[in-house]
Structures are given as structure tokens and as C-alpha cells.
file run_9.cif (mmCIF, C-alpha atoms, pLDDT in the B column; chains and numbers go by the auth columns)
data_entry
#
loop_
_atom_site.group_PDB
_atom_site.id
_atom_site.type_symbol
_atom_site.label_atom_id
_atom_site.label_comp_id
_atom_site.label_asym_id
_atom_site.label_seq_id
_atom_site.Cartn_x
_atom_site.Cartn_y
_atom_site.Cartn_z
_atom_site.B_iso_or_equiv
_atom_site.auth_seq_id
_atom_site.auth_asym_id
ATOM 1 C CA MET A 1 0.000 0.000 0.000 80.00 1 A
ATOM 2 C CA ILE A 2 1.246 3.456 -0.891 87.00 2 A
ATOM 3 C CA PRO A 3 1.464 5.838 2.089 88.00 3 A
ATOM 4 C CA PRO A 4 -0.929 8.762 1.573 92.00 4 A
ATOM 5 C CA LEU A 5 1.713 11.429 2.189 95.00 5 A
ATOM 6 C CA LEU A 6 4.945 12.067 0.350 96.00 6 A
ATOM 7 C CA VAL A 7 7.795 14.317 1.434 96.00 7 A
ATOM 8 C CA PHE A 8 10.124 14.953 -1.493 97.00 8 A
ATOM 9 C CA ALA A 9 13.515 16.461 -0.626 97.00 9 A
ATOM 10 C CA ILE A 10 15.437 18.131 -3.435 96.00 10 A
ATOM 11 C CA GLY A 11 19.114 18.832 -2.863 95.00 11 A
ATOM 12 C CA ASN A 12 22.738 17.828 -2.942 95.00 12 A
ATOM 13 C CA GLU A 13 24.581 17.163 0.310 94.00 13 A
ATOM 14 C CA SER A 14 27.902 17.970 -1.391 95.00 14 A
ATOM 15 C CA ARG A 15 26.912 21.589 -2.025 95.00 15 A
ATOM 16 C CA GLY A 16 26.788 23.411 1.309 96.00 16 A
ATOM 17 C CA ASP A 17 23.314 24.656 2.162 97.00 17 A
ATOM 18 C CA ASP A 18 21.813 22.658 -0.713 96.00 18 A
ATOM 19 C CA ALA A 19 21.909 19.810 1.828 97.00 19 A
ATOM 20 C CA LEU A 20 19.054 21.350 3.841 98.00 20 A
ATOM 21 C CA ALA A 21 16.221 19.314 2.299 97.00 21 A
ATOM 22 C CA PRO A 22 18.045 15.958 2.506 97.00 22 A
ATOM 23 C CA LEU A 23 18.965 16.733 6.132 97.00 23 A
ATOM 24 C CA LEU A 24 15.323 17.535 6.936 97.00 24 A
ATOM 25 C CA LEU A 25 14.319 14.227 5.373 95.00 25 A
ATOM 26 C CA ARG A 26 16.867 12.335 7.478 94.00 26 A
ATOM 27 C CA GLN A 27 15.469 13.918 10.628 94.00 27 A
ATOM 28 C CA LEU A 28 11.929 12.866 9.706 93.00 28 A
ATOM 29 C CA TYR A 29 13.210 9.370 8.930 91.00 29 A
ATOM 30 C CA THR A 30 14.798 9.013 12.378 88.00 30 A
ATOM 31 C CA GLU A 31 11.456 10.050 13.885 86.00 31 A
ATOM 32 C CA GLY A 32 9.684 7.200 12.057 79.00 32 A
ATOM 33 C CA MET A 33 7.187 9.061 9.901 69.00 33 A
ATOM 34 C CA ALA A 34 5.188 5.926 9.020 64.00 34 A
ATOM 35 C CA GLN A 35 2.317 7.788 7.336 73.00 35 A
ATOM 36 C CA ALA A 36 4.675 9.300 4.748 89.00 36 A
ATOM 37 C CA ASP A 37 7.039 8.159 2.063 93.00 37 A
ATOM 38 C CA LEU A 38 10.304 10.083 2.165 94.00 38 A
ATOM 39 C CA ILE A 39 12.064 10.505 -1.178 95.00 39 A
ATOM 40 C CA GLU A 40 15.258 12.382 -1.960 95.00 40 A
ATOM 41 C CA ASP A 41 16.840 13.338 -5.267 95.00 41 A
ATOM 42 C CA TYR A 42 19.227 15.985 -6.570 93.00 42 A
ATOM 43 C CA GLN A 43 16.551 17.476 -8.801 93.00 43 A
ATOM 44 C CA LEU A 44 13.035 16.850 -10.035 93.00 44 A
ATOM 45 C CA GLN A 45 12.597 15.133 -13.371 91.00 45 A
ATOM 46 C CA VAL A 46 9.525 14.199 -15.370 90.00 46 A
ATOM 47 C CA GLU A 47 9.847 10.580 -14.228 92.00 47 A
ATOM 48 C CA HIS A 48 8.939 11.700 -10.710 95.00 48 A
ATOM 49 C CA VAL A 49 5.276 12.038 -11.742 95.00 49 A
ATOM 50 C CA THR A 50 4.965 8.338 -10.898 96.00 50 A
ATOM 51 C CA ASP A 51 5.964 9.069 -7.288 97.00 51 A
ATOM 52 C CA LEU A 52 2.851 11.239 -6.930 97.00 52 A
ATOM 53 C CA LEU A 53 0.400 8.489 -7.888 96.00 53 A
ATOM 54 C CA GLY A 54 -1.977 7.429 -5.123 94.00 54 A
ATOM 55 C CA ARG A 55 -0.961 10.218 -2.744 95.00 55 A
ATOM 56 C CA LYS A 56 -3.303 12.401 -0.756 95.00 56 A
ATOM 57 C CA ALA A 57 -0.740 15.196 -0.335 96.00 57 A
ATOM 58 C CA VAL A 58 2.855 16.004 -1.248 97.00 58 A
ATOM 59 C CA LEU A 59 5.387 18.270 0.435 97.00 59 A
ATOM 60 C CA PHE A 60 8.328 19.393 -1.697 98.00 60 A
ATOM 61 C CA VAL A 61 11.328 20.634 0.318 98.00 61 A
ATOM 62 C CA ASP A 62 14.218 22.583 -1.193 97.00 62 A
ATOM 63 C CA ALA A 63 16.919 25.035 -0.152 97.00 63 A
ATOM 64 C CA ASP A 64 16.493 28.527 -1.585 96.00 64 A
ATOM 65 C CA ILE A 65 18.826 31.494 -1.578 96.00 65 A
ATOM 66 C CA SER A 66 16.058 33.919 -2.541 95.00 66 A
ATOM 67 C CA CYS A 67 13.398 33.372 0.127 96.00 67 A
ATOM 68 C CA ALA A 68 13.259 35.183 3.444 97.00 68 A
ATOM 69 C CA ALA A 69 14.731 33.445 6.504 97.00 69 A
ATOM 70 C CA PRO A 70 14.019 31.067 8.056 98.00 70 A
ATOM 71 C CA PHE A 71 11.768 29.489 5.384 98.00 71 A
ATOM 72 C CA HIS A 72 8.784 30.040 3.120 98.00 72 A
ATOM 73 C CA PHE A 73 5.867 27.592 3.153 98.00 73 A
ATOM 74 C CA SER A 74 3.090 27.709 0.554 97.00 74 A
ATOM 75 C CA ARG A 75 0.458 25.622 -1.163 97.00 75 A
ATOM 76 C CA ILE A 76 1.274 25.149 -4.821 96.00 76 A
ATOM 77 C CA THR A 77 -0.572 24.116 -7.960 91.00 77 A
ATOM 78 C CA ALA A 78 0.343 22.989 -11.435 91.00 78 A
ATOM 79 C CA ALA A 79 1.917 25.592 -13.710 88.00 79 A
ATOM 80 C CA HIS A 80 3.524 25.296 -17.098 79.00 80 A
ATOM 81 C CA ASP A 81 6.697 27.239 -16.338 70.00 81 A
ATOM 82 C CA HIS A 82 8.962 26.053 -19.162 60.00 82 A
ATOM 83 C CA SER A 83 11.331 24.225 -16.825 55.00 83 A
ATOM 84 C CA TYR A 84 10.983 21.040 -18.872 53.00 84 A
ATOM 85 C CA THR A 85 14.591 20.341 -19.714 51.00 85 A
ATOM 86 C CA SER A 86 16.818 17.330 -19.830 45.00 86 A
ATOM 87 C CA HIS A 87 18.077 18.415 -16.432 52.00 87 A
ATOM 88 C CA ALA A 88 15.475 19.496 -13.930 72.00 88 A
ATOM 89 C CA MET A 89 12.044 20.921 -13.383 87.00 89 A
ATOM 90 C CA THR A 90 10.241 22.879 -10.685 92.00 90 A
ATOM 91 C CA PRO A 91 7.560 21.358 -8.442 95.00 91 A
ATOM 92 C CA PHE A 92 5.008 23.484 -10.336 94.00 92 A
ATOM 93 C CA ALA A 93 6.094 21.952 -13.649 93.00 93 A
ATOM 94 C CA LEU A 94 6.062 18.439 -12.175 94.00 94 A
ATOM 95 C CA LEU A 95 2.456 18.947 -11.072 96.00 95 A
ATOM 96 C CA HIS A 96 1.651 20.202 -14.575 94.00 96 A
ATOM 97 C CA ALA A 97 3.302 17.117 -16.091 93.00 97 A
ATOM 98 C CA TYR A 98 1.228 14.920 -13.773 96.00 98 A
ATOM 99 C CA ARG A 99 -1.943 16.548 -15.078 95.00 99 A
ATOM 100 C CA GLN A 100 -0.738 16.082 -18.670 94.00 100 A
ATOM 101 C CA VAL A 101 0.204 12.419 -18.161 95.00 101 A
ATOM 102 C CA TYR A 102 -2.723 11.234 -16.031 96.00 102 A
ATOM 103 C CA GLY A 103 -5.488 13.626 -17.104 96.00 103 A
ATOM 104 C CA THR A 104 -6.326 14.547 -13.527 96.00 104 A
ATOM 105 C CA GLU A 105 -5.113 17.014 -10.937 95.00 105 A
ATOM 106 C CA ALA A 106 -2.074 16.101 -8.883 96.00 106 A
ATOM 107 C CA PRO A 107 -2.415 15.534 -5.135 97.00 107 A
ATOM 108 C CA ASP A 108 -2.624 18.579 -2.863 96.00 108 A
ATOM 109 C CA SER A 109 0.890 19.951 -2.791 97.00 109 A
ATOM 110 C CA SER A 110 2.954 22.335 -0.719 97.00 110 A
ATOM 111 C CA LEU A 111 6.453 23.739 -1.063 98.00 111 A
ATOM 112 C CA LEU A 112 8.785 24.345 1.864 98.00 112 A
ATOM 113 C CA ARG A 113 11.717 26.520 0.778 98.00 113 A
ATOM 114 C CA ILE A 114 14.440 26.756 3.419 98.00 114 A
ATOM 115 C CA ARG A 115 16.681 29.824 3.309 98.00 115 A
ATOM 116 C CA GLY A 116 20.224 28.859 2.398 97.00 116 A
ATOM 117 C CA TYR A 117 23.264 31.076 1.949 97.00 117 A
ATOM 118 C CA GLY A 118 26.087 29.153 0.272 95.00 118 A
ATOM 119 C CA PHE A 119 25.903 26.346 -2.283 95.00 119 A
ATOM 120 C CA GLU A 120 29.556 25.766 -3.135 95.00 120 A
ATOM 121 C CA LEU A 121 30.729 22.261 -3.948 95.00 121 A
ATOM 122 C CA GLY A 122 32.407 20.699 -0.919 94.00 122 A
ATOM 123 C CA ALA A 123 31.185 23.336 1.535 95.00 123 A
ATOM 124 C CA SER A 124 29.521 22.514 4.838 96.00 124 A
ATOM 125 C CA VAL A 125 26.058 23.677 5.838 97.00 125 A
ATOM 126 C CA SER A 126 26.282 27.211 7.222 97.00 126 A
ATOM 127 C CA SER A 127 25.332 27.925 10.831 97.00 127 A
ATOM 128 C CA GLU A 128 22.600 30.336 9.680 97.00 128 A
ATOM 129 C CA ALA A 129 21.092 27.677 7.418 98.00 129 A
ATOM 130 C CA SER A 130 21.267 25.099 10.225 97.00 130 A
ATOM 131 C CA ALA A 131 19.160 27.387 12.410 98.00 131 A
ATOM 132 C CA ASN A 132 16.663 27.788 9.558 98.00 132 A
ATOM 133 C CA LEU A 133 16.595 24.014 9.129 98.00 133 A
ATOM 134 C CA GLU A 134 15.476 23.478 12.726 98.00 134 A
ATOM 135 C CA LEU A 135 12.486 25.766 12.245 98.00 135 A
ATOM 136 C CA ALA A 136 11.667 24.310 8.819 98.00 136 A
ATOM 137 C CA THR A 137 11.735 20.785 10.243 97.00 137 A
ATOM 138 C CA GLU A 138 9.141 21.830 12.792 97.00 138 A
ATOM 139 C CA GLN A 139 6.996 23.191 9.937 97.00 139 A
ATOM 140 C CA ALA A 140 7.297 19.843 8.120 96.00 140 A
ATOM 141 C CA ARG A 141 6.241 18.005 11.279 94.00 141 A
ATOM 142 C CA THR A 142 3.222 20.305 11.548 94.00 142 A
ATOM 143 C CA TRP A 143 2.322 19.651 7.907 95.00 143 A
ATOM 144 C CA LEU A 144 2.516 15.898 8.497 93.00 144 A
ATOM 145 C CA ALA A 145 0.352 16.138 11.615 91.00 145 A
ATOM 146 C CA ASP A 146 -2.260 18.398 10.019 90.00 146 A
ATOM 147 C CA ILE A 147 -3.021 16.363 6.883 82.00 147 A
ATOM 148 C CA PRO A 148 -5.791 13.855 7.557 74.00 148 A
ATOM 149 C CA THR A 149 -4.703 10.550 6.023 66.00 149 A
ATOM 150 C CA ALA A 150 -7.990 8.652 6.240 54.00 150 A
ATOM 151 C CA GLY A 151 -10.640 8.776 3.533 51.00 151 A
#
call {"tool": "encode", "arguments": {"input": "run_9.cif", "output": "C-alpha cells"}}
result
Amino acid sequence: MIPPLLVFAIGNESRGDDALAPLLLRQLYTEGMAQADLIEDYQLQVEHVTDLLGRKAVLFVDADISCAAPFHFSRITAAHDHSYTSHAMTPFALLHAYRQVYGTEAPDSSLLRIRGYGFELGASVSSEASANLELATEQARTWLADIPTAG
């Protein structure tokens, strides 16, 4: 049986603060989030539409240098934003691809952008980003607790 909730972490642990989403996912994993699948990848690709099948709700988590600290949380919907490339796509574009592939709306989705500061290859997570991560992890826990999984 597919868990009704999906937390999808986007990031690269080798690139400083880009590790924020994978680190959040690891924290949720250690807490035993049984009602949710926890998936991590460096970037979203069109193939990830299959991960959304059968879900009630999805939370995308990503580090972001442009959002205000400590994080930005929002509900999102499908949008054709021209990020279809051979490389990566946004959560909005993935939801749009889901609609195109399956002919129905994607599960309810939210985006948790955690404020990061440095994304250099080989760098460690900054202390400022670590503080933001703690608060963002609490937001993810709240999201998980607030989504009814029955029915």
C-alpha cells in the first residue's frame, strides 16, 4: 500500500546549504514518519510524476537562496513554467506534467523553501542555514500532523 503522504527532498549534500532538504528528510526518517514516504533526489525530473500516484498530499522541500529566513511555506498548484529540460524541473512543472500524463489534478501539494546562503561544492552547511533548518523541520512536522490521512 502506498502511504498517503509524500515528502520529497530536493538537494545535494555535497553543495553546502543545498543539503538542507536531505537533512530535513533524514530527521523525519529518524522520527519514524510511518504515514509518509520520504524521497530524496538531486533534482526533479519528469519521471517523478509516478511518485505522486496514489498520494493524498505532497510536500516538496528545497533550499532557496532567494526566500526570506528562516523558510517560506506555501500551497502550490500545477503551472507550465517552461522548466521542462533534460536536467530538472520545478515542483510546479512536475504537477503540470502529472496533469498532462494522467489527465487529472495532482495531489494537494505544498512547497517548503528553506533559506540557504552558500551552495559551493564541498562546503559545509552554514550555521545560519542550520538554524533555519530546525524551524523548517518543525513546519514539516506540523504539515505531516495536520493532513488527515484517512478517507
call {"tool": "residues_near_point", "arguments": {"input": "run_9.cif", "point": "(16.5, 30.8, 0.6)", "cutoff": "10 Å", "atoms": "all atoms listed in the file", "output": "ChimeraX atom specification"}}
result
/A:17-18,62-72,113-118,129,132
call {"tool": "residues_near_point", "arguments": {"input": "run_9.cif", "point": "(2.9, 23.2, -14.1)", "cutoff": "10 Å", "atoms": "only C-alpha atoms", "output": "JSON list (two decimals) with C-alpha atoms, in the frame of the given file"}}
result
[["chain", "number", "residue", "atom", "x", "y", "z"],
["A", 76, "ILE", "CA", 1.27, 25.15, -4.82],
["A", 77, "THR", "CA", -0.57, 24.12, -7.96],
["A", 78, "ALA", "CA", 0.34, 22.99, -11.44],
["A", 79, "ALA", "CA", 1.92, 25.59, -13.71],
["A", 80, "HIS", "CA", 3.52, 25.30, -17.10],
["A", 81, "ASP", "CA", 6.70, 27.24, -16.34],
["A", 82, "HIS", "CA", 8.96, 26.05, -19.16],
["A", 83, "SER", "CA", 11.33, 24.22, -16.82],
["A", 84, "TYR", "CA", 10.98, 21.04, -18.87],
["A", 89, "MET", "CA", 12.04, 20.92, -13.38],
["A", 90, "THR", "CA", 10.24, 22.88, -10.68],
["A", 91, "PRO", "CA", 7.56, 21.36, -8.44],
["A", 92, "PHE", "CA", 5.01, 23.48, -10.34],
["A", 93, "ALA", "CA", 6.09, 21.95, -13.65],
["A", 94, "LEU", "CA", 6.06, 18.44, -12.18],
["A", 95, "LEU", "CA", 2.46, 18.95, -11.07],
["A", 96, "HIS", "CA", 1.65, 20.20, -14.58],
["A", 97, "ALA", "CA", 3.30, 17.12, -16.09],
["A", 98, "TYR", "CA", 1.23, 14.92, -13.77],
["A", 99, "ARG", "CA", -1.94, 16.55, -15.08],
["A", 100, "GLN", "CA", -0.74, 16.08, -18.67]]
call {"tool": "axis_aligned_box", "arguments": {"input": "run_9.cif", "around": "region 3-14 of chain A", "padding_each_side": "4 Å", "output": "AutoDock Vina command-line options"}}
result
--center_x 13.5 --center_y 12.3 --center_z -0.6 --size_x 36.8 --size_y 21.0 --size_z 13.6
call {"tool": "resolve_selection", "arguments": {"input": "run_9.cif", "expression": "the PyMOL selection byres ((chain A and resi 41-51) around 6)", "output": "ChimeraX atom specification"}}
result
/A:10-12,40,52-53,88-89,98
call {"tool": "closest_residue", "arguments": {"input": "run_9.cif", "among": "A:Ala123, A:Leu6, A:Leu38, A:Met1", "to": "Arg55 (chain A)", "atoms": "only C-alpha atoms"}}
result
A:Leu6
call {"tool": "resolve_selection", "arguments": {"input": "run_9.cif", "expression": "the PyMOL selection byres ((chain A and resi 56) around 10)", "output": "list in words"}}
result
Pro3, Pro4, Leu5, Leu6, Leu52, Leu53, Gly54, Arg55, Ala57, Val58, Ala106, Pro107, Asp108, Ser109, Ile147, Pro148, Thr149, Ala150 and Gly151 of chain A
call {"tool": "resolve_selection", "arguments": {"input": "run_9.cif", "expression": "the PyMOL selection byres ((chain A and resi 139) around 12)", "output": "list in words"}}
result
Leu24, Leu28, Leu59, Val61, Pro70, Phe71, His72, Phe73, Ser74, Ser110, Leu111, Leu112, Arg113, Ile114, Asn132, Leu133, Glu134, Leu135, Ala136, Thr137, Glu138, Ala140, Arg141, Thr142, Trp143, Leu144, Ala145 and Asp146 of chain A
call {"tool": "atom_distance", "arguments": {"input": "run_9.cif", "atom1": "CA of Leu23 (chain A)", "atom2": "CA of Val125 (chain A)"}}
result
9.9 Å
call {"tool": "atom_distance", "arguments": {"input": "run_9.cif", "atom1": "CA of Ser14 (chain A)", "atom2": "CA of Gly122 (chain A)"}}
result
5.3 Å
call {"tool": "atom_distance", "arguments": {"input": "run_9.cif", "atom1": "CA of Glu31 (chain A)", "atom2": "CA of Ala19 (chain A)"}}
result
18.7 Å
call {"tool": "closest_residue", "arguments": {"input": "run_9.cif", "among": "A:Glu120, A:Tyr102, A:Ile39, A:Ser130", "to": "Val7 (chain A)", "atoms": "only C-alpha atoms"}}
result
A:Ile39
call {"tool": "closest_residue", "arguments": {"input": "run_9.cif", "among": "A:Ala9, A:Arg26, A:Ile2, A:Gly16", "to": "Ser127 (chain A)", "atoms": "only C-alpha atoms"}}
result
A:Gly16
